[in-house]
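> Dropping in coords22.tsv, with TSV, C-alpha atoms.
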chain	number	residue	atom	x	y	z
A	1	MET	CA	108.61	82.07	134.83
A	2	ASP	CA	110.52	81.23	131.72
A	3	CYS	CA	108.22	79.17	129.52
A	4	SER	CA	111.03	77.56	127.62
A	5	ASN	CA	112.10	75.87	130.84
A	6	SER	CA	109.21	75.39	133.18
A	7	CYS	CA	105.85	75.56	131.44
A	8	THR	CA	103.80	72.48	130.99
A	9	SER	CA	102.31	71.81	127.58
A	10	GLU	CA	99.02	73.24	128.86
A	11	GLN	CA	100.72	76.61	129.35
A	12	LYS	CA	102.30	76.95	125.92
A	13	LEU	CA	102.48	80.56	124.86
A	14	GLN	CA	103.00	82.19	121.49
A	15	VAL	CA	104.73	85.57	121.32
A	16	ARG	CA	103.90	86.97	117.89
A	17	LYS	CA	102.55	89.87	115.86
A	18	LEU	CA	98.86	90.80	116.03
A	19	GLU	CA	96.71	89.03	113.46
A	20	ILE	CA	93.35	90.20	112.19
A	21	SER	CA	91.68	87.15	113.72
A	22	ASP	CA	92.81	88.24	117.21
A	23	LYS	CA	89.67	90.36	117.60
A	24	GLY	CA	87.91	87.01	118.13
A	25	LYS	CA	90.51	85.96	120.72
A	26	GLY	CA	89.80	88.67	123.26
A	27	TYR	CA	92.27	91.28	122.04
A	28	LEU	CA	89.91	94.22	122.52
A	29	GLU	CA	88.67	92.89	125.87
A	30	LEU	CA	92.32	92.80	126.96
A	31	LEU	CA	92.80	96.43	125.90
A	32	GLN	CA	89.75	97.32	127.99
A	33	GLN	CA	91.82	96.42	131.04
A	34	LEU	CA	94.04	99.37	130.08
A	35	THR	CA	91.47	102.01	129.10
A	36	VAL	CA	88.27	102.65	127.17
A	37	CYS	CA	87.93	100.31	124.20
A	38	ASP	CA	84.34	99.17	124.17
A	39	SER	CA	82.63	99.81	120.86
A	40	VAL	CA	84.80	98.77	117.93
A	41	SER	CA	82.91	97.00	115.15
A	42	ASP	CA	84.48	94.31	112.98
A	43	LYS	CA	84.62	96.81	110.14
A	44	GLU	CA	86.35	99.49	112.24
A	45	PHE	CA	88.79	96.90	113.57
A	46	GLU	CA	89.69	95.73	110.07
A	47	LYS	CA	90.13	99.30	108.82
A	48	ARG	CA	92.44	100.24	111.69
A	49	PHE	CA	94.33	96.93	111.39
A	50	GLU	CA	94.98	97.67	107.71
A	51	GLU	CA	96.02	101.26	108.41
A	52	ILE	CA	98.56	100.08	110.96
A	53	SER	CA	99.71	97.17	108.77
A	54	SER	CA	100.42	99.63	105.94
A	55	TYR	CA	103.35	100.95	108.03
A	56	GLY	CA	104.98	97.53	107.84
A	57	ASP	CA	107.77	97.06	110.38
A	58	ASP	CA	107.44	100.71	111.46
A	59	HIS	CA	104.34	99.91	113.51
A	60	LEU	CA	104.35	96.58	115.28
A	61	ILE	CA	101.76	95.18	117.65
A	62	CYS	CA	102.97	92.24	119.72
A	63	VAL	CA	100.62	89.78	121.43
A	64	ILE	CA	100.98	86.71	123.59
A	65	GLU	CA	98.41	83.98	122.95
A	66	ASP	CA	97.70	81.26	125.44
A	67	ASP	CA	97.43	78.19	123.21
A	68	GLN	CA	95.31	76.33	125.73
A	69	SER	CA	92.58	78.94	126.08
A	70	GLY	CA	93.07	80.46	122.65
A	71	LYS	CA	93.01	83.90	124.27
A	72	ILE	CA	95.31	86.90	123.88
A	73	ILE	CA	96.67	87.49	127.37
A	74	ALA	CA	99.28	90.22	126.84
A	75	THR	CA	100.02	92.91	124.29
A	76	GLY	CA	102.07	96.00	123.56
A	77	CYS	CA	102.93	98.07	120.52
A	78	MET	CA	105.77	100.01	119.01
A	79	PHE	CA	106.01	102.54	116.25
A	80	ILE	CA	109.24	103.81	114.81
A	81	GLU	CA	109.73	107.52	114.33
A	82	LYS	CA	112.06	108.76	111.60
A	83	LYS	CA	114.00	111.87	112.51
A	84	PHE	CA	116.55	114.26	111.06
A	85	ILE	CA	118.43	114.62	114.35
A	86	ARG	CA	121.05	112.07	115.35
A	87	ASN	CA	122.02	112.02	111.69
A	88	CYS	CA	118.66	110.83	110.39
A	89	GLY	CA	118.19	108.55	113.37
A	90	LYS	CA	115.18	106.51	114.36
A	91	VAL	CA	113.42	106.16	117.71
A	92	GLY	CA	111.16	103.35	118.89
A	93	HIS	CA	108.09	104.40	120.87
A	94	ILE	CA	106.41	101.80	123.09
A	95	GLU	CA	102.70	102.21	123.83
A	96	ASP	CA	99.73	100.37	125.31
A	97	ILE	CA	101.31	97.58	127.33
A	98	VAL	CA	98.80	95.36	129.11
A	99	VAL	CA	98.84	91.91	130.67
A	100	ASP	CA	95.60	90.11	131.50
A	101	SER	CA	94.83	90.49	135.20
A	102	GLU	CA	94.62	86.69	135.55
A	103	ALA	CA	97.99	86.11	133.90
A	104	ARG	CA	100.18	88.44	135.95
A	105	GLY	CA	103.33	87.34	137.76
A	106	LYS	CA	104.55	85.28	134.78
A	107	GLN	CA	106.85	87.94	133.32
A	108	LEU	CA	104.63	88.30	130.25
A	109	GLY	CA	105.01	92.10	130.38
A	110	LYS	CA	108.78	91.67	130.34
A	111	LYS	CA	108.50	89.33	127.34
A	112	ILE	CA	106.46	91.94	125.45
A	113	ILE	CA	108.93	94.73	126.26
A	114	GLU	CA	111.88	92.55	125.22
A	115	PHE	CA	110.17	91.61	121.94
A	116	LEU	CA	109.46	95.26	121.12
A	117	THR	CA	112.88	96.52	122.26
A	118	ASP	CA	114.64	93.86	120.17
A	119	HIS	CA	112.53	94.91	117.19
A	120	ALA	CA	113.59	98.56	117.59
A	121	HIS	CA	117.22	97.51	117.87
A	122	SER	CA	116.99	95.38	114.73
A	123	MET	CA	115.37	98.31	112.89
A	124	GLY	CA	118.38	100.52	113.70
A	125	CYS	CA	116.82	102.77	116.35
A	126	TYR	CA	119.29	104.58	118.60
A	127	LYS	CA	116.86	104.48	121.55
A	128	VAL	CA	113.45	103.34	122.71
A	129	ILE	CA	111.21	105.51	124.86
A	130	LEU	CA	107.91	105.09	126.65
A	131	ASP	CA	105.74	106.90	129.15
A	132	CYS	CA	104.45	105.27	132.32
A	133	SER	CA	103.09	106.01	135.75
A	134	ILE	CA	105.43	106.33	138.73
A	135	GLU	CA	103.94	103.02	139.99
A	136	ASN	CA	105.29	101.17	136.94
A	137	LYS	CA	108.77	102.70	137.02
A	138	ALA	CA	110.34	99.72	138.84
A	139	PHE	CA	108.95	97.29	136.27
A	140	TYR	CA	110.55	99.17	133.37
A	141	GLU	CA	113.82	99.47	135.29
A	142	LYS	CA	113.86	95.66	135.46
A	143	CYS	CA	113.53	95.73	131.66
A	144	GLY	CA	116.64	97.93	131.36
A	145	TYR	CA	114.93	101.32	131.08
A	146	LYS	CA	115.84	104.45	133.03
A	147	GLN	CA	113.80	107.51	133.89
A	148	LYS	CA	114.75	110.40	131.65
A	149	GLU	CA	112.18	113.18	131.30
A	150	ILE	CA	108.57	113.96	132.16
A	151	GLN	CA	105.48	113.55	130.02
A	152	MET	CA	103.14	116.47	129.35
A	153	ALA	CA	99.67	115.97	127.88
A	154	LYS	CA	96.79	117.99	126.52
A	155	TYR	CA	93.36	116.37	126.15
A	156	PHE	CA	90.80	117.66	123.69
A	157	ASN	CA	87.78	116.12	125.40
B	1	MET	CA	105.64	139.34	120.95
B	2	ASP	CA	102.69	138.71	118.68
B	3	CYS	CA	103.85	139.32	115.12
B	4	SER	CA	100.39	139.99	113.82
B	5	ASN	CA	100.29	143.09	116.00
B	6	SER	CA	103.74	144.42	116.63
B	7	CYS	CA	106.34	143.18	114.14
B	8	THR	CA	107.78	145.51	111.61
B	9	SER	CA	107.98	144.39	108.00
B	10	GLU	CA	111.62	143.50	108.59
B	11	GLN	CA	110.51	140.86	111.12
B	12	LYS	CA	107.92	139.09	108.99
B	13	LEU	CA	107.71	135.44	109.85
B	14	GLN	CA	106.24	132.48	108.03
B	15	VAL	CA	104.84	129.56	110.03
B	16	ARG	CA	104.60	126.65	107.61
B	17	LYS	CA	105.44	123.04	106.84
B	18	LEU	CA	109.05	121.99	106.20
B	19	GLU	CA	110.08	122.18	102.55
B	20	ILE	CA	112.91	120.26	100.94
B	21	SER	CA	114.74	123.54	100.22
B	22	ASP	CA	114.91	124.30	103.96
B	23	LYS	CA	118.16	122.35	104.24
B	24	GLY	CA	119.71	125.38	102.54
B	25	LYS	CA	118.04	127.74	105.02
B	26	GLY	CA	119.79	126.49	108.13
B	27	TYR	CA	117.27	123.82	109.17
B	28	LEU	CA	119.90	121.26	110.17
B	29	GLU	CA	122.06	123.89	111.89
B	30	LEU	CA	118.98	124.79	113.94
B	31	LEU	CA	118.48	121.14	114.93
B	32	GLN	CA	122.12	121.07	116.04
B	33	GLN	CA	121.11	123.45	118.82
B	34	LEU	CA	118.94	120.59	120.13
B	35	THR	CA	121.26	117.60	119.72
B	36	VAL	CA	123.68	115.87	117.37
B	37	CYS	CA	122.82	116.51	113.73
B	38	ASP	CA	126.08	117.18	112.00
B	39	SER	CA	126.64	114.93	109.04
B	40	VAL	CA	123.57	114.67	106.83
B	41	SER	CA	124.28	114.76	103.11
B	42	ASP	CA	121.86	116.26	100.59
B	43	LYS	CA	120.99	112.76	99.46
B	44	GLU	CA	120.31	111.53	103.00
B	45	PHE	CA	118.23	114.62	103.69
B	46	GLU	CA	116.12	114.10	100.58
B	47	LYS	CA	115.59	110.42	101.35
B	48	ARG	CA	114.45	111.11	104.92
B	49	PHE	CA	112.30	114.07	103.74
B	50	GLU	CA	110.53	111.76	101.29
B	51	GLU	CA	110.08	108.99	103.87
B	52	ILE	CA	108.45	111.44	106.25
B	53	SER	CA	106.38	113.07	103.47
B	54	SER	CA	105.00	109.66	102.53
B	55	TYR	CA	103.06	109.70	105.82
B	56	GLY	CA	101.15	112.78	104.63
B	57	ASP	CA	99.33	114.62	107.41
B	58	ASP	CA	100.31	111.88	109.88
B	59	HIS	CA	103.84	113.26	110.18
B	60	LEU	CA	104.12	117.03	110.08
B	61	ILE	CA	107.23	119.14	110.52
B	62	CYS	CA	106.51	122.79	111.25
B	63	VAL	CA	109.09	125.56	110.72
B	64	ILE	CA	109.21	129.32	111.17
B	65	GLU	CA	111.19	131.18	108.55
B	66	ASP	CA	112.45	134.70	109.08
B	67	ASP	CA	111.70	136.32	105.74
B	68	GLN	CA	114.38	138.96	106.25
B	69	SER	CA	117.29	136.59	106.85
B	70	GLY	CA	115.82	133.68	104.89
B	71	LYS	CA	116.68	131.41	107.81
B	72	ILE	CA	114.64	128.79	109.64
B	73	ILE	CA	114.57	130.03	113.24
B	74	ALA	CA	112.17	127.59	114.94
B	75	THR	CA	110.86	124.10	114.33
B	76	GLY	CA	108.95	121.22	115.84
B	77	CYS	CA	107.32	118.04	114.60
B	78	MET	CA	104.31	115.88	115.20
B	79	PHE	CA	103.37	112.38	114.20
B	80	ILE	CA	99.98	110.85	114.68
B	81	GLU	CA	99.68	107.40	116.17
B	82	LYS	CA	96.68	105.24	115.29
B	83	LYS	CA	95.43	103.08	118.13
B	84	PHE	CA	92.75	100.51	118.89
B	85	ILE	CA	92.11	101.89	122.37
B	86	ARG	CA	89.75	104.84	122.85
B	87	ASN	CA	87.62	103.22	120.15
B	88	CYS	CA	90.25	103.40	117.43
B	89	GLY	CA	91.48	106.77	118.66
B	90	LYS	CA	94.48	108.78	117.52
B	91	VAL	CA	97.21	110.50	119.54
B	92	GLY	CA	99.48	113.32	118.45
B	93	HIS	CA	103.12	113.06	119.55
B	94	ILE	CA	105.20	116.24	119.61
B	95	GLU	CA	108.97	115.92	119.19
B	96	ASP	CA	112.10	117.97	118.55
B	97	ILE	CA	111.03	121.51	119.44
B	98	VAL	CA	113.81	124.08	119.03
B	99	VAL	CA	113.99	127.85	118.72
B	100	ASP	CA	117.16	129.55	117.49
B	101	SER	CA	119.14	130.88	120.45
B	102	GLU	CA	119.14	134.36	118.90
B	103	ALA	CA	115.38	134.38	118.38
B	104	ARG	CA	114.18	133.46	121.87
B	105	GLY	CA	111.73	135.56	123.88
B	106	LYS	CA	109.44	136.09	120.89
B	107	GLN	CA	107.00	133.26	121.67
B	108	LEU	CA	108.11	131.32	118.61
B	109	GLY	CA	108.11	128.08	120.59
B	110	LYS	CA	104.51	128.75	121.61
B	111	LYS	CA	103.58	129.38	117.96
B	112	ILE	CA	105.09	126.03	116.95
B	113	ILE	CA	103.27	124.17	119.74
B	114	GLU	CA	99.98	125.84	118.83
B	115	PHE	CA	100.43	124.99	115.15
B	116	LEU	CA	101.13	121.34	115.94
B	117	THR	CA	98.40	121.05	118.59
B	118	ASP	CA	95.84	122.57	116.21
B	119	HIS	CA	96.93	120.08	113.56
B	120	ALA	CA	96.37	117.13	115.93
B	121	HIS	CA	92.95	118.49	116.87
B	122	SER	CA	91.96	118.88	113.22
B	123	MET	CA	93.12	115.30	112.57
B	124	GLY	CA	90.74	114.01	115.23
B	125	CYS	CA	93.27	113.13	117.95
B	126	TYR	CA	91.85	112.80	121.45
B	127	LYS	CA	95.08	114.04	123.04
B	128	VAL	CA	98.58	115.31	122.33
B	129	ILE	CA	101.58	114.21	124.37
B	130	LEU	CA	105.25	115.15	124.55
B	131	ASP	CA	108.27	114.53	126.73
B	132	CYS	CA	110.38	117.34	128.15
B	133	SER	CA	112.86	118.17	130.88
B	134	ILE	CA	111.65	119.48	134.24
B	135	GLU	CA	113.18	122.84	133.23
B	136	ASN	CA	110.76	123.17	130.31
B	137	LYS	CA	107.64	122.15	132.23
B	138	ALA	CA	106.52	125.76	132.85
B	139	PHE	CA	106.78	126.58	129.15
B	140	TYR	CA	104.48	123.72	128.19
B	141	GLU	CA	102.05	124.61	130.96
B	142	LYS	CA	101.74	128.05	129.33
B	143	CYS	CA	100.82	126.18	126.13
B	144	GLY	CA	97.98	124.38	127.95
B	145	TYR	CA	99.79	121.11	128.74
B	146	LYS	CA	99.84	119.35	132.10
B	147	GLN	CA	102.30	116.88	133.57
B	148	LYS	CA	100.89	113.37	133.38
B	149	GLU	CA	103.44	110.55	133.55
B	150	ILE	CA	107.19	109.96	133.44
B	151	GLN	CA	109.35	109.06	130.47
B	152	MET	CA	111.58	105.98	130.50
B	153	ALA	CA	114.32	105.44	127.94
B	154	LYS	CA	116.75	102.78	126.81
B	155	TYR	CA	119.71	103.74	124.63
B	156	PHE	CA	121.44	101.23	122.37
B	157	ASN	CA	124.71	103.13	122.08
Please express what this file holds, its structure, as structure tokens.


Amino acid sequence: MDCSNSCTSEQKLQVRKLEISDKGKGYLELLQQLTVCDSVSDKEFEKRFEEISSYGDDHLICVIEDDQSGKIIATGCMFIEKKFIRNCGKVGHIEDIVVDSEARGKQLGKKIIEFLTDHAHSMGCYKVILDCSIENKAFYEKCGYKQKEIQMAKYFN
Amino acid sequence: MDCSNSCTSEQKLQVRKLEISDKGKGYLELLQQLTVCDSVSDKEFEKRFEEISSYGDDHLICVIEDDQSGKIIATGCMFIEKKFIRNCGKVGHIEDIVVDSEARGKQLGKKIIEFLTDHAHSMGCYKVILDCSIENKAFYEKCGYKQKEIQMAKYFN
């Protein structure tokens, strides 16, 4: 569904950067659909928001707000890594993509990925990378991504 | 080979953070063994070094210098991502691991990974992740990493 063509006024969506007031619009509850995110106080939220904001355009959190409900219904983030390789190149890293379970099938995930990918391009990155499960591979292929390597992880807990 | 036990004085190695003088010790030539990195001027190097340094402990480049030759023979880097999920958790990302082709078989890669992983742990990260080729999976398993997801990439050039 392309909102610019087919949405009614009741379905108006804003694609924008995270704002500090989004904690009150269900942002953390949305992240809980992705993984553990259940005990962040207002103070902790503000501190982390300011830490991330201090990176400016190098760390961007994108959200989609449903204007009717006033809720955040999709999000994703990108940080930009500065390297020496590729002649002091930059790489965009996409993380923590989630679409509200009740808002799926509307291409909101694709909108988030496009917003973040365009940001990386405008910032001069030579590539964007992300890690995902095998189950989500087809979705990212539809967004123009191709499988490249494997992800390895070490957990401390 | 564990240098603390078996190296002669001629093979003394320093594991440390990147210094701005390392450009003159073959740091960029070492990165060229990984990928394109062939036209970085002193000025560009200094600018990027300062950009990365401005992140403090959140972006660490580790090198191993061979004290005998005065050359950088291994390197790797880590940046720390600040999240809202996992109750405002942090994740260490490892990138750009390379060991000089003439210095392989001495566990220098393992030393770099351990240095970076220890750094992430000390910074309070709940996990460390990295992307690698299937060919390098066994190496990272020896470092305590396990395969988790797949990496997707989009190149702009």

> I want to know what sits within 6 Å of stretch 18-24 of chain A, based on all atoms listed in the file, with residues of the same chain fewer than 2 positions away left out; could you give that as a list in words?

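Residues near the query, excluding close chain neighbours: Gly26, Tyr27, Ile61, Cys62 and Val63 of chain A.
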
> Between atom CA of B:Ala153 and atom CA of B:Asp57, measure the distance and give it in Å to one decimal.

27.0 Å

> Residues of chain A no more than 6 Å from chain B, counting only C-alpha atoms: send them over as a PyMOL selection string.

chain A and resi 36-37+40+85-87+126-133+145-156

> Given only C-alpha atoms as the basis, pick out the residue of B:Glu50, B:Asp100, B:Asp42, B:Glu114 nearest to B:Val15.

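Of B:Glu50, B:Asp100, B:Asp42, B:Glu114, the one nearest B:Val15, counting only C-alpha atoms, is B:Glu114.
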
> With only C-alpha atoms as the basis for distance, which of B:Ala103, B:Asp58, B:Gly76, B:Glu46 is at the shortest distance from B:Leu13?

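Smallest distance to B:Leu13 is found for B:Ala103.
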
> Hey, can you check how far atom CA of B:Leu108 sits from atom CA of B:Glu65?

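Distance between the two atoms: 10.5 Å.
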
> Rounded to one decimal in Å, what is the spacing between atom CA of A:Ser54 and atom CA of A:Ile73?

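Pair atom CA of A:Ser54 / atom CA of A:Ile73 returns 24.9 Å.
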
> Between B:Gln14, B:Lys110, B:Leu30, B:Gly105, which is the closest to B:Asp67 once you count all atoms listed in the file?

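Closest to B:Asp67, using all atoms listed in the file: B:Gln14.
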
> Would you list the residues near (102.2, 97.6, 134.2), meaning any protein, DNA or RNA residue with an atom at most 8 Å from that point in file coordinates, counting all atoms listed in the file, as a ChimeraX atom specification?

/A:97-99,109,136,139

> Provide an axis-aligned box for all listed atoms of stretch 135-140 of chain A, padding each side by 3 Å; report its centre and its edge lengths in Å to one decimal, as JSON.


{"center_x": 107.2, "center_y": 100.2, "center_z": 136.7, "size_x": 12.6, "size_y": 11.7, "size_z": 12.6}

> So, with all atoms listed in the file as the atoms that count, which of B:Glu29, B:Arg104, B:Ile112, B:Ile80 lies closest to B:Ile64?

B:Ile112
